[in-house]
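The file run_33.csv contains CSV, C-alpha atoms and all ligand atoms:
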chain,number,residue,atom,x,y,z
A,724,MET,CA,22.0,-35.9,-40.3
A,725,ARG,CA,19.0,-33.8,-39.2
A,726,THR,CA,18.3,-33.4,-35.5
A,727,ILE,CA,14.8,-33.5,-34.1
A,728,MET,CA,14.1,-32.6,-30.5
A,729,ALA,CA,11.1,-34.1,-28.7
A,730,ILE,CA,10.0,-32.2,-25.6
A,731,VAL,CA,8.8,-35.0,-23.4
A,732,GLU,CA,6.4,-34.1,-20.6
A,733,VAL,CA,6.0,-37.5,-19.0
A,734,VAL,CA,7.5,-40.9,-19.9
A,735,ASP,CA,4.5,-42.6,-21.4
A,736,GLU,CA,3.0,-43.6,-24.7
A,737,THR,CA,3.0,-39.9,-26.0
A,738,ALA,CA,6.8,-39.9,-25.8
A,739,LEU,CA,6.9,-43.0,-28.1
A,740,GLU,CA,4.4,-41.3,-30.5
A,741,LEU,CA,6.8,-38.3,-30.7
A,742,ALA,CA,9.7,-40.7,-31.5
A,743,HIS,CA,7.7,-42.5,-34.1
A,744,ALA,CA,6.5,-39.4,-35.8
A,745,ALA,CA,10.0,-38.0,-35.9
A,746,ARG,CA,11.5,-41.2,-37.3
A,747,SER,CA,8.8,-41.4,-40.0
A,748,LEU,CA,10.4,-38.2,-41.4
A,749,GLY,CA,13.5,-40.1,-42.5
A,750,GLU,CA,17.0,-40.7,-41.0
A,751,VAL,CA,17.2,-38.4,-38.0
A,752,HIS,CA,19.1,-38.0,-34.8
A,753,LEU,CA,16.5,-37.9,-32.1
A,754,THR,CA,16.9,-36.2,-28.8
A,755,ALA,CA,14.4,-36.2,-25.9
A,756,ALA,CA,14.3,-33.3,-23.5
A,757,VAL,CA,12.5,-34.4,-20.4
A,758,PHE,CA,11.7,-32.7,-17.1
A,759,GLY,CA,12.4,-34.2,-13.7
A,760,ALA,CA,12.5,-37.8,-15.0
A,761,GLU,CA,13.6,-40.6,-12.6
A,762,ASP,CA,16.6,-42.8,-13.6
A,763,ALA,CA,14.2,-45.5,-14.8
A,764,GLY,CA,12.3,-43.0,-16.9
A,765,CYS,CA,15.4,-41.8,-18.6
A,766,ALA,CA,16.6,-45.4,-19.2
A,767,GLU,CA,13.2,-46.1,-20.8
A,768,LEU,CA,13.4,-43.1,-23.1
A,769,ALA,CA,17.0,-44.1,-24.0
A,770,ARG,CA,15.5,-47.2,-25.7
A,771,TYR,CA,13.7,-45.0,-28.2
A,772,PHE,CA,15.9,-41.8,-28.4
A,773,ASP,CA,19.5,-41.4,-29.4
A,774,ARG,CA,20.0,-38.9,-26.6
A,775,VAL,CA,18.1,-38.0,-23.5
A,776,VAL,CA,18.6,-34.7,-21.7
A,777,ASN,CA,17.0,-34.5,-18.3
A,778,PHE,CA,16.1,-31.0,-17.1
A,779,PRO,CA,15.2,-30.1,-13.5
A,780,LEU,CA,11.5,-29.5,-12.7
A,781,SER,CA,10.4,-26.1,-11.6
A,782,PRO,CA,10.9,-25.4,-7.8
A,783,GLY,CA,7.3,-26.5,-7.1
A,784,ALA,CA,8.3,-29.9,-8.6
A,785,VAL,CA,5.6,-29.8,-11.2
A,786,PHE,CA,5.9,-29.1,-14.9
A,787,ASP,CA,5.6,-25.4,-15.5
A,788,ALA,CA,5.6,-24.1,-19.1
A,789,GLU,CA,7.3,-20.8,-18.2
A,790,HIS,CA,10.0,-22.5,-16.3
A,791,ALA,CA,10.4,-25.1,-19.1
A,792,ALA,CA,10.6,-22.3,-21.8
A,793,ALA,CA,13.2,-20.4,-19.8
A,794,ALA,CA,15.3,-23.6,-19.5
A,795,LEU,CA,14.8,-24.8,-23.1
A,796,THR,CA,15.1,-21.6,-25.1
A,797,PRO,CA,18.9,-21.0,-24.8
A,798,TRP,CA,19.5,-24.8,-25.1
A,799,LEU,CA,17.4,-25.1,-28.3
A,800,ALA,CA,18.9,-21.9,-29.7
A,801,ALA,CA,22.4,-23.5,-29.3
A,802,GLU,CA,21.4,-26.9,-30.5
A,803,GLN,CA,19.6,-25.6,-33.6
A,804,PRO,CA,17.4,-28.7,-34.2
A,805,PHE,CA,15.7,-29.0,-37.5
A,806,LEU,CA,12.4,-29.7,-35.8
A,807,ILE,CA,10.9,-29.5,-32.3
A,808,LEU,CA,8.0,-31.8,-31.4
A,809,LEU,CA,5.7,-31.7,-28.5
A,810,SER,CA,2.5,-33.5,-27.5
A,811,HIS,CA,-0.7,-31.4,-27.9
A,812,THR,CA,-1.6,-31.7,-24.3
A,813,ASN,CA,-2.5,-28.8,-21.9
A,814,ASN,CA,1.2,-28.4,-20.9
A,815,GLY,CA,2.4,-28.9,-24.5
A,816,LEU,CA,0.0,-26.3,-25.7
A,817,ASP,CA,1.2,-24.0,-22.9
A,818,LEU,CA,4.9,-24.4,-23.8
A,819,ALA,CA,4.9,-24.7,-27.6
A,820,PRO,CA,3.9,-21.1,-28.4
A,821,LEU,CA,6.3,-19.7,-25.9
A,822,LEU,CA,9.2,-21.6,-27.6
A,823,ALA,CA,7.9,-20.7,-31.1
A,824,ALA,CA,7.8,-17.0,-30.2
A,825,ARG,CA,11.2,-16.9,-28.4
A,826,LEU,CA,13.0,-18.9,-31.1
A,827,ASP,CA,11.0,-17.2,-33.9
A,828,LEU,CA,9.9,-20.5,-35.4
A,829,PRO,CA,6.8,-21.4,-37.4
A,830,MET,CA,4.5,-23.6,-35.4
A,831,LEU,CA,1.9,-26.2,-36.5
A,832,ALA,CA,-0.5,-27.1,-33.7
A,833,ASP,CA,-2.6,-30.3,-33.1
A,834,CYS,CA,-1.2,-32.2,-36.1
A,835,LEU,CA,-2.8,-35.5,-37.1
A,836,GLU,CA,-0.2,-36.3,-39.7
A,837,LEU,CA,3.2,-35.0,-40.3
A,838,GLY,CA,5.4,-35.1,-43.4
A,839,LEU,CA,8.4,-33.5,-45.0
A,840,ARG,CA,8.6,-32.1,-48.6
A,841,ASP,CA,11.9,-30.6,-49.5
A,842,GLU,CA,12.5,-28.0,-46.8
A,843,GLN,CA,8.8,-27.8,-45.9
A,844,LEU,CA,7.0,-29.4,-43.0
A,845,THR,CA,3.6,-30.6,-44.0
A,846,ALA,CA,0.7,-31.5,-41.6
A,847,VAL,CA,-2.9,-32.4,-41.5
A,848,ARG,CA,-4.9,-30.5,-38.8
A,849,THR,CA,-8.5,-30.2,-37.9
A,850,LEU,CA,-10.3,-26.9,-38.0
A,851,TYR,CA,-13.6,-25.6,-36.8
A,852,ALA,CA,-13.9,-28.1,-33.9
A,853,GLY,CA,-13.1,-31.0,-36.2
A,854,LYS,CA,-15.6,-30.2,-39.0
A,855,VAL,CA,-12.8,-29.6,-41.6
A,856,HIS,CA,-9.4,-31.1,-42.3
A,857,ALA,CA,-6.7,-28.8,-43.5
A,858,ARG,CA,-3.4,-29.6,-45.1
A,859,VAL,CA,-0.9,-27.0,-43.9
A,860,VAL,CA,2.7,-26.4,-44.7
A,861,ALA,CA,5.4,-24.5,-42.8
A,862,ASP,CA,8.7,-23.3,-44.2
A,863,ALA,CA,11.2,-25.3,-42.1
A,864,LYS,CA,14.4,-24.0,-43.6
A,865,GLY,CA,15.2,-22.2,-40.3
A,866,GLY,CA,13.6,-24.8,-38.1
A,867,ALA,CA,10.0,-25.4,-37.1
A,868,LEU,CA,7.9,-26.6,-34.2
A,869,ALA,CA,4.8,-28.9,-34.1
A,870,THR,CA,2.5,-30.2,-31.5
A,871,LEU,CA,1.0,-33.7,-32.2
A,872,ARG,CA,-2.4,-34.9,-31.1
A,873,PRO,CA,-1.9,-37.7,-28.5
A,874,GLY,CA,-3.0,-41.0,-30.0
A,875,ALA,CA,-2.9,-39.8,-33.6
A,876,PHE,CA,0.4,-41.4,-34.2
A,877,ASP,CA,1.6,-44.9,-33.5
A,878,GLY,CA,4.1,-45.4,-30.7
A,879,ASP,CA,7.7,-46.2,-31.7
A,880,GLU,CA,8.8,-49.8,-31.8
A,881,ALA,CA,10.8,-51.1,-28.9
A,882,ILE,CA,14.3,-51.1,-30.6
A,883,ASP,CA,16.9,-50.5,-27.9
A,884,ARG,CA,18.8,-47.5,-29.3
A,885,GLY,CA,21.0,-47.2,-26.2
A,886,GLY,CA,20.6,-43.4,-26.1
A,887,ARG,CA,23.1,-41.3,-24.1
A,888,ILE,CA,21.6,-39.8,-21.0
A,889,GLU,CA,22.6,-36.4,-19.8
A,890,THR,CA,21.5,-34.0,-17.0
A,891,ALA,CA,21.1,-30.4,-18.1
A,892,ALA,CA,22.6,-27.8,-15.8
A,893,VAL,CA,20.1,-25.0,-15.6
A,894,PRO,CA,20.7,-21.8,-13.6
A,895,PRO,CA,17.8,-21.1,-11.2
A,896,GLY,CA,15.3,-18.9,-13.0
A,897,PRO,CA,13.0,-16.2,-11.6
A,898,PRO,CA,10.3,-17.3,-9.2
A,899,ALA,CA,7.3,-18.9,-10.8
A,900,ARG,CA,4.5,-16.5,-11.6
A,901,ARG,CA,1.9,-19.3,-11.7
A,902,ARG,CA,1.1,-22.0,-9.2
A,903,LEU,CA,-0.7,-25.3,-9.4
A,904,LEU,CA,-3.3,-25.2,-6.8
A,905,GLU,CA,-4.8,-28.7,-7.0
A,906,THR,CA,-5.6,-31.4,-9.4
A,907,VAL,CA,-9.2,-32.5,-9.6
A,908,ALA,CA,-10.0,-36.1,-10.5
A,909,ALA,CA,-12.4,-36.6,-13.4
A,910,GLU,CA,-16.0,-37.0,-12.4
A,911,ALA,CA,-17.1,-40.5,-11.6
A,912,GLY,CA,-18.6,-42.1,-14.6
A,913,SER,CA,-16.7,-40.1,-17.1
A,914,VAL,CA,-14.8,-42.4,-19.4
A,915,ASP,CA,-11.4,-42.3,-21.2
A,916,ILE,CA,-11.8,-44.5,-24.2
A,917,THR,CA,-8.2,-43.8,-25.2
A,918,GLN,CA,-7.0,-46.0,-22.3
A,919,ALA,CA,-9.3,-49.0,-23.0
A,920,GLU,CA,-7.8,-52.3,-24.1
A,921,ILE,CA,-11.1,-53.5,-25.7
A,922,LEU,CA,-13.5,-51.2,-27.4
A,923,VAL,CA,-17.0,-52.0,-28.7
A,924,ALA,CA,-17.7,-49.3,-31.3
A,925,VAL,CA,-21.3,-48.8,-32.4
A,926,GLY,CA,-22.4,-47.0,-35.6
A,927,ARG,CA,-25.6,-45.9,-37.3
A,928,GLY,CA,-26.6,-49.5,-37.9
A,929,ILE,CA,-27.9,-49.6,-34.3
A,930,GLU,CA,-30.9,-47.6,-35.6
A,931,GLU,CA,-32.4,-46.4,-32.3
A,932,GLN,CA,-31.0,-45.1,-29.0
A,933,GLU,CA,-32.8,-47.8,-27.1
A,934,ASN,CA,-31.0,-50.4,-29.1
A,935,LEU,CA,-27.6,-49.3,-27.6
A,936,GLU,CA,-28.4,-51.5,-24.7
A,937,ILE,CA,-27.4,-54.7,-26.6
A,938,VAL,CA,-24.0,-53.1,-27.4
A,939,GLN,CA,-23.5,-51.9,-23.8
A,940,SER,CA,-24.3,-55.3,-22.5
A,941,LEU,CA,-21.8,-56.9,-24.9
A,942,ALA,CA,-19.2,-54.4,-23.8
A,943,ALA,CA,-19.9,-55.3,-20.1
A,944,ALA,CA,-19.4,-59.0,-20.9
A,945,LEU,CA,-16.1,-58.2,-22.5
A,946,ASP,CA,-15.0,-55.8,-19.8
A,947,ALA,CA,-14.8,-53.3,-22.6
A,948,GLU,CA,-15.7,-49.6,-23.1
A,949,VAL,CA,-18.4,-48.5,-25.6
A,950,ALA,CA,-17.2,-46.2,-28.4
A,951,CYS,CA,-19.1,-44.8,-31.3
A,952,THR,CA,-19.1,-43.1,-34.7
A,953,ARG,CA,-19.9,-39.4,-35.1
A,954,PRO,CA,-23.6,-39.8,-36.2
A,955,ILE,CA,-24.3,-41.4,-32.8
A,956,VAL,CA,-22.9,-38.3,-31.1
A,957,ASP,CA,-24.7,-36.0,-33.5
A,958,LYS,CA,-27.9,-37.6,-32.4
A,959,ASN,CA,-26.9,-37.1,-28.7
A,960,TRP,CA,-27.2,-40.8,-28.1
A,961,LEU,CA,-23.7,-41.0,-26.6
A,962,PRO,CA,-21.3,-38.2,-25.4
A,963,LYS,CA,-18.6,-36.8,-27.6
A,964,SER,CA,-16.0,-38.3,-25.3
A,965,ARG,CA,-16.9,-41.7,-26.8
A,966,GLN,CA,-16.5,-40.7,-30.5
A,967,VAL,CA,-13.7,-42.3,-32.4
A,968,GLY,CA,-12.3,-40.5,-35.4
A,969,THR,CA,-10.5,-37.6,-36.9
A,970,SER,CA,-12.8,-35.1,-35.1
A,971,GLY,CA,-13.1,-37.3,-32.1
A,972,GLN,CA,-10.7,-39.4,-30.0
A,973,SER,CA,-7.7,-41.4,-31.3
A,974,VAL,CA,-7.7,-44.8,-29.6
A,975,SER,CA,-5.3,-47.7,-29.7
A,976,PRO,CA,-6.9,-50.6,-28.0
A,977,LYS,CA,-5.8,-54.3,-28.4
A,978,VAL,CA,-9.2,-55.3,-29.7
A,979,TYR,CA,-11.8,-53.2,-31.6
A,980,LEU,CA,-15.3,-54.4,-32.4
A,981,ALA,CA,-17.0,-52.3,-35.0
A,982,ILE,CA,-20.8,-53.0,-34.9
A,983,GLY,CA,-23.0,-51.4,-37.6
A,984,VAL,CA,-20.1,-49.1,-38.5
A,985,SER,CA,-19.4,-48.5,-42.2
A,986,GLY,CA,-15.7,-47.7,-41.8
A,987,SER,CA,-15.4,-44.2,-43.2
A,988,PHE,CA,-11.9,-42.9,-43.3
A,989,GLN,CA,-12.9,-40.2,-40.7
A,990,HIS,CA,-13.8,-43.0,-38.3
A,991,LEU,CA,-10.9,-45.2,-39.0
A,992,GLY,CA,-8.5,-42.2,-38.8
A,993,GLY,CA,-9.0,-42.5,-35.0
A,994,VAL,CA,-8.2,-46.2,-34.8
A,995,LYS,CA,-4.5,-46.4,-34.2
A,996,GLY,CA,-2.0,-49.1,-33.2
A,997,LYS,CA,-3.4,-51.8,-35.4
A,998,PRO,CA,-5.8,-53.5,-33.0
A,999,PHE,CA,-7.4,-56.8,-33.8
A,1000,LEU,CA,-10.4,-55.5,-35.6
A,1001,VAL,CA,-13.7,-57.5,-35.7
A,1002,ALA,CA,-16.5,-56.0,-37.8
A,1003,ILE,CA,-20.2,-56.9,-37.9
A,1004,ASN,CA,-22.1,-55.4,-40.8
A,1005,GLN,CA,-24.9,-56.6,-43.0
A,1006,ASP,CA,-23.4,-55.0,-46.1
A,1007,ALA,CA,-20.6,-57.3,-47.4
A,1008,ALA,CA,-19.3,-54.3,-49.4
A,1009,ALA,CA,-18.9,-52.0,-46.3
A,1010,PRO,CA,-15.4,-50.5,-46.3
A,1011,ILE,CA,-14.9,-51.7,-42.7
A,1012,PHE,CA,-14.3,-55.2,-44.1
A,1013,ALA,CA,-11.2,-54.0,-46.0
A,1014,VAL,CA,-9.4,-53.4,-42.7
A,1015,ALA,CA,-11.1,-56.0,-40.4
A,1016,ASP,CA,-9.1,-59.0,-39.2
A,1017,VAL,CA,-12.5,-60.8,-38.8
A,1018,GLY,CA,-15.6,-59.7,-40.7
A,1019,VAL,CA,-19.0,-61.1,-40.0
A,1020,VAL,CA,-21.7,-60.3,-42.6
A,1021,GLY,CA,-25.0,-60.3,-40.9
A,1022,ASP,CA,-27.7,-58.5,-38.9
A,1023,LEU,CA,-26.2,-57.1,-35.7
A,1024,PHE,CA,-29.5,-57.5,-33.9
A,1025,ASP,CA,-29.1,-61.3,-34.3
A,1026,LEU,CA,-25.3,-61.4,-33.9
A,1027,VAL,CA,-24.6,-59.2,-30.9
A,1028,PRO,CA,-26.8,-61.0,-28.4
A,1029,LEU,CA,-25.5,-64.3,-29.7
A,1030,LEU,CA,-21.9,-63.1,-29.3
A,1031,GLU,CA,-22.6,-61.9,-25.8
A,1032,GLU,CA,-24.2,-65.2,-24.9
A,1033,LYS,CA,-21.1,-67.1,-26.2
A,1034,ILE,CA,-18.7,-64.9,-24.3
A,1035,ARG,CA,-20.6,-65.2,-21.0
A,1036,ALA,CA,-20.8,-68.9,-21.4
A,1037,ARG,CA,-17.0,-69.1,-22.0
A,1038,LYS,CA,-16.4,-66.9,-18.9
A,1039,GLY,CA,-18.5,-69.3,-17.0
B,1,LIG,C1,-15.0,-33.3,-41.4
B,1,LIG,C2,-15.6,-34.6,-40.9
B,1,LIG,C3,-15.2,-35.2,-39.8
B,1,LIG,C4,-15.7,-36.4,-39.4
B,1,LIG,N1,-15.3,-37.0,-38.3
B,1,LIG,C5,-15.8,-38.2,-37.9
B,1,LIG,C6,-15.3,-38.9,-36.8
B,1,LIG,O1,-14.4,-38.4,-36.0
B,1,LIG,N2,-15.8,-40.1,-36.5
B,1,LIG,C7,-16.7,-40.7,-37.2
B,1,LIG,O2,-17.1,-41.8,-36.9
B,1,LIG,N3,-17.2,-40.1,-38.3
B,1,LIG,C8,-16.8,-38.8,-38.7
B,1,LIG,N4,-17.3,-38.2,-39.7
B,1,LIG,C9,-18.5,-38.8,-40.4
B,1,LIG,C10,-18.1,-39.9,-41.4
B,1,LIG,O3,-17.8,-39.3,-42.7
B,1,LIG,C11,-19.2,-40.9,-41.5
B,1,LIG,O4,-20.4,-40.3,-41.9
B,1,LIG,C12,-19.4,-41.7,-40.3
B,1,LIG,O5,-18.2,-42.3,-39.8
B,1,LIG,C13,-20.4,-42.9,-40.6
B,1,LIG,O6,-20.8,-43.4,-39.4
B,1,LIG,P1,-21.5,-44.8,-39.3
B,1,LIG,O7,-20.5,-45.9,-39.8
B,1,LIG,O8,-22.0,-45.0,-37.9
B,1,LIG,O9,-22.7,-44.7,-40.3
B,1,LIG,P2,-23.0,-45.3,-41.8
B,1,LIG,O10,-21.9,-44.8,-42.7
B,1,LIG,O11,-24.4,-44.9,-42.0
B,1,LIG,O12,-22.9,-46.8,-41.6
B,1,LIG,C14,-23.8,-47.6,-40.9
B,1,LIG,C15,-23.4,-49.1,-41.2
B,1,LIG,O13,-24.3,-49.9,-40.5
B,1,LIG,C16,-24.6,-51.1,-41.3
B,1,LIG,N5,-25.8,-51.6,-40.8
B,1,LIG,C17,-27.1,-51.1,-40.9
B,1,LIG,N6,-28.0,-51.9,-40.3
B,1,LIG,C18,-27.3,-53.0,-39.8
B,1,LIG,C19,-27.7,-54.1,-39.2
B,1,LIG,N7,-28.9,-54.4,-38.8
B,1,LIG,N8,-26.7,-55.0,-38.9
B,1,LIG,C20,-25.4,-54.9,-39.3
B,1,LIG,N9,-25.0,-53.7,-39.9
B,1,LIG,C21,-26.0,-52.8,-40.2
B,1,LIG,C22,-24.7,-50.5,-42.7
B,1,LIG,O14,-24.5,-51.5,-43.7
B,1,LIG,C23,-23.6,-49.4,-42.7
B,1,LIG,O15,-22.4,-49.9,-43.2
B,1,LIG,C24,-16.8,-37.0,-40.2
B,1,LIG,C25,-17.2,-36.4,-41.3
B,1,LIG,C26,-16.6,-35.2,-41.7
B,1,LIG,C27,-17.1,-34.5,-42.9

Will you turn the file into structure tokens for me?
Amino acid sequence: MRTIMAIVEVVDETALELAHAARSLGEVHLTAAVFGAEDAGCAELARYFDRVVNFPLSPGAVFDAEHAAAALTPWLAAEQPFLILLSHTNNGLDLAPLLAARLDLPMLADCLELGLRDEQLTAVRTLYAGKVHARVVADAKGGALATLRPGAFDGDEAIDRGGRIETAAVPPGPPARRRLLETVAAEAGSVDITQAEILVAVGRGIEEQENLEIVQSLAAALDAEVACTRPIVDKNWLPKSRQVGTSGQSVSPKVYLAIGVSGSFQHLGGVKGKPFLVAINQDAAAPIFAVADVGVVGDLFDLVPLLEEKIRARKG
């Protein structure tokens, strides 16, 4: 059976996405290499992975790509996995090219989809700041490495796999050449729609920037965040950080309200994790209705204030 190694930076949803992406490639033996995880974190990973190998953090007790690469390179060279997966985060992007160069492996970065055809790894990636989608292929006969965009893949299901937990013995490496000076909290007011449980997404049906107010008000009533389609960002009505889609954010809320959104595949490509999807659109033939759990055909300018009123009345 083929072995896939997932390099896990932190025990969170991204680790489960790596597991899910790996298992979607067929019957595999799945190992997680994690750095400085607590016992509980290792136990959590063992529910999703067949084997968990815990590596020590760098002396500064933070994740450092140079330290991780030094520890992982001989281990991976000995294990000879078929594929190495990482999340396309700052740290993942720091580490992946180091590993690819040292292990002489082809690397596919920022993948939105991953597949396997014979001995070839196939992927979909965005190019030119998301303006173009490219299908790419890597010869994986001698192994390959890929980084996956966080949120682009579903998380693995909670099947307890009872994975074996090991601690890697790593000889102390050379002193770190880089240091983390400080972490700076995101500016007040900046929003992370990837973490929202409820999203109210607005599309071109809103017609004018001033009209966004009704959607923002509905979102406030629902304790939700506002998201949007790309045309709304192109018009500078909302910041890019709120755009959902293949060239925007991948989100996985519990509830997704799509208001005046047609449902292009580029937009829906960013809606992951099968949320309960409610669509309001005046065109009964809009593609969004094909994926909606509840579809309301009507004018959003009538329906959105009405919905808000009902929600506020229910909340008392
Ligand atoms: C390479 C590439 C990448 C892209 N990436 C993204 C991406 O990341 N995210 C993204 O969203 N798009 C992306 N797009 C654009 C995408 O193709 C669509 O053009 C876009 O998603 C459409 O946005 P929309 O639904 O807001 O607008 P439209 O497609 O114009 O839909 C507006 C909808 O509002 C409805 N409507 C109008 N008035 C009302 C009303 N009064 N009441 C109710 N409904 C009404 C209409 O019936 C219509 O269905 C990308 C395109 C390309 C080429």

### Query
If you count all atoms listed in the file, which residues fall within 12 Å of Glu1032 (chain A), apart from same-chain ones fewer than 6 positions away, as an MDAnalysis selection string?
chainID A and resid 937 940:945 1025:1026 1038:1039

Selection within 9 Å of ligand LIG 1 (chain B) by only C-alpha atoms and all ligand atoms, output as a CSV table (one decimal) with C-alpha atoms, keeping the file's coordinate frame:
chain,number,residue,atom,x,y,z
A,849,THR,CA,-8.5,-30.2,-37.9
A,850,LEU,CA,-10.3,-26.9,-38.0
A,853,GLY,CA,-13.1,-31.0,-36.2
A,854,LYS,CA,-15.6,-30.2,-39.0
A,855,VAL,CA,-12.8,-29.6,-41.6
A,856,HIS,CA,-9.4,-31.1,-42.3
A,924,ALA,CA,-17.7,-49.3,-31.3
A,925,VAL,CA,-21.3,-48.8,-32.4
A,926,GLY,CA,-22.4,-47.0,-35.6
A,927,ARG,CA,-25.6,-45.9,-37.3
A,928,GLY,CA,-26.6,-49.5,-37.9
A,929,ILE,CA,-27.9,-49.6,-34.3
A,930,GLU,CA,-30.9,-47.6,-35.6
A,951,CYS,CA,-19.1,-44.8,-31.3
A,952,THR,CA,-19.1,-43.1,-34.7
A,953,ARG,CA,-19.9,-39.4,-35.1
A,954,PRO,CA,-23.6,-39.8,-36.2
A,955,ILE,CA,-24.3,-41.4,-32.8
A,956,VAL,CA,-22.9,-38.3,-31.1
A,966,GLN,CA,-16.5,-40.7,-30.5
A,967,VAL,CA,-13.7,-42.3,-32.4
A,968,GLY,CA,-12.3,-40.5,-35.4
A,969,THR,CA,-10.5,-37.6,-36.9
A,970,SER,CA,-12.8,-35.1,-35.1
A,971,GLY,CA,-13.1,-37.3,-32.1
A,972,GLN,CA,-10.7,-39.4,-30.0
A,973,SER,CA,-7.7,-41.4,-31.3
A,981,ALA,CA,-17.0,-52.3,-35.0
A,982,ILE,CA,-20.8,-53.0,-34.9
A,983,GLY,CA,-23.0,-51.4,-37.6
A,984,VAL,CA,-20.1,-49.1,-38.5
A,985,SER,CA,-19.4,-48.5,-42.2
A,986,GLY,CA,-15.7,-47.7,-41.8
A,987,SER,CA,-15.4,-44.2,-43.2
A,988,PHE,CA,-11.9,-42.9,-43.3
A,989,GLN,CA,-12.9,-40.2,-40.7
A,990,HIS,CA,-13.8,-43.0,-38.3
A,991,LEU,CA,-10.9,-45.2,-39.0
A,992,GLY,CA,-8.5,-42.2,-38.8
A,993,GLY,CA,-9.0,-42.5,-35.0
A,1003,ILE,CA,-20.2,-56.9,-37.9
A,1004,ASN,CA,-22.1,-55.4,-40.8
A,1005,GLN,CA,-24.9,-56.6,-43.0
A,1006,ASP,CA,-23.4,-55.0,-46.1
A,1007,ALA,CA,-20.6,-57.3,-47.4
A,1008,ALA,CA,-19.3,-54.3,-49.4
A,1009,ALA,CA,-18.9,-52.0,-46.3
A,1010,PRO,CA,-15.4,-50.5,-46.3
A,1011,ILE,CA,-14.9,-51.7,-42.7
A,1019,VAL,CA,-19.0,-61.1,-40.0
A,1020,VAL,CA,-21.7,-60.3,-42.6
A,1021,GLY,CA,-25.0,-60.3,-40.9
A,1022,ASP,CA,-27.7,-58.5,-38.9
A,1023,LEU,CA,-26.2,-57.1,-35.7
A,1024,PHE,CA,-29.5,-57.5,-33.9
A,1025,ASP,CA,-29.1,-61.3,-34.3
A,1026,LEU,CA,-25.3,-61.4,-33.9

## Note on the structure
CA of Pro797 (chain A) to CA of Leu809 (chain A) measures 17.4 Å

### Gap from CA of Ala791 (chain A) to CA of Gly749 (chain A) - Å, one decimal
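Distance between the two atoms: 28.0 Å.
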
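Summary of the local environment: counting only C-alpha atoms, residues at most 8 Å from region 772-784 of chain A, other than itself and those fewer than 4 positions away along its chain, are Ala742, His752, Leu753, Thr754, Ala755, Ala756, Val757, Phe758, Gly759, Ala760, Cys765, Leu768, His790, Ala791, Ala794, Arg884, Gly885, Gly886, Arg887, Ile888, Glu889, Thr890, Ala891, Ala892, Val893, Ala899 and Arg902 of chain A.
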
### Task
Calculate how many Å separate CA of Leu903 (chain A) from CA of His811 (chain A), rounding to one decimal.
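Taking CA of Leu903 (chain A) and CA of His811 (chain A), their separation equals 19.5 Å.
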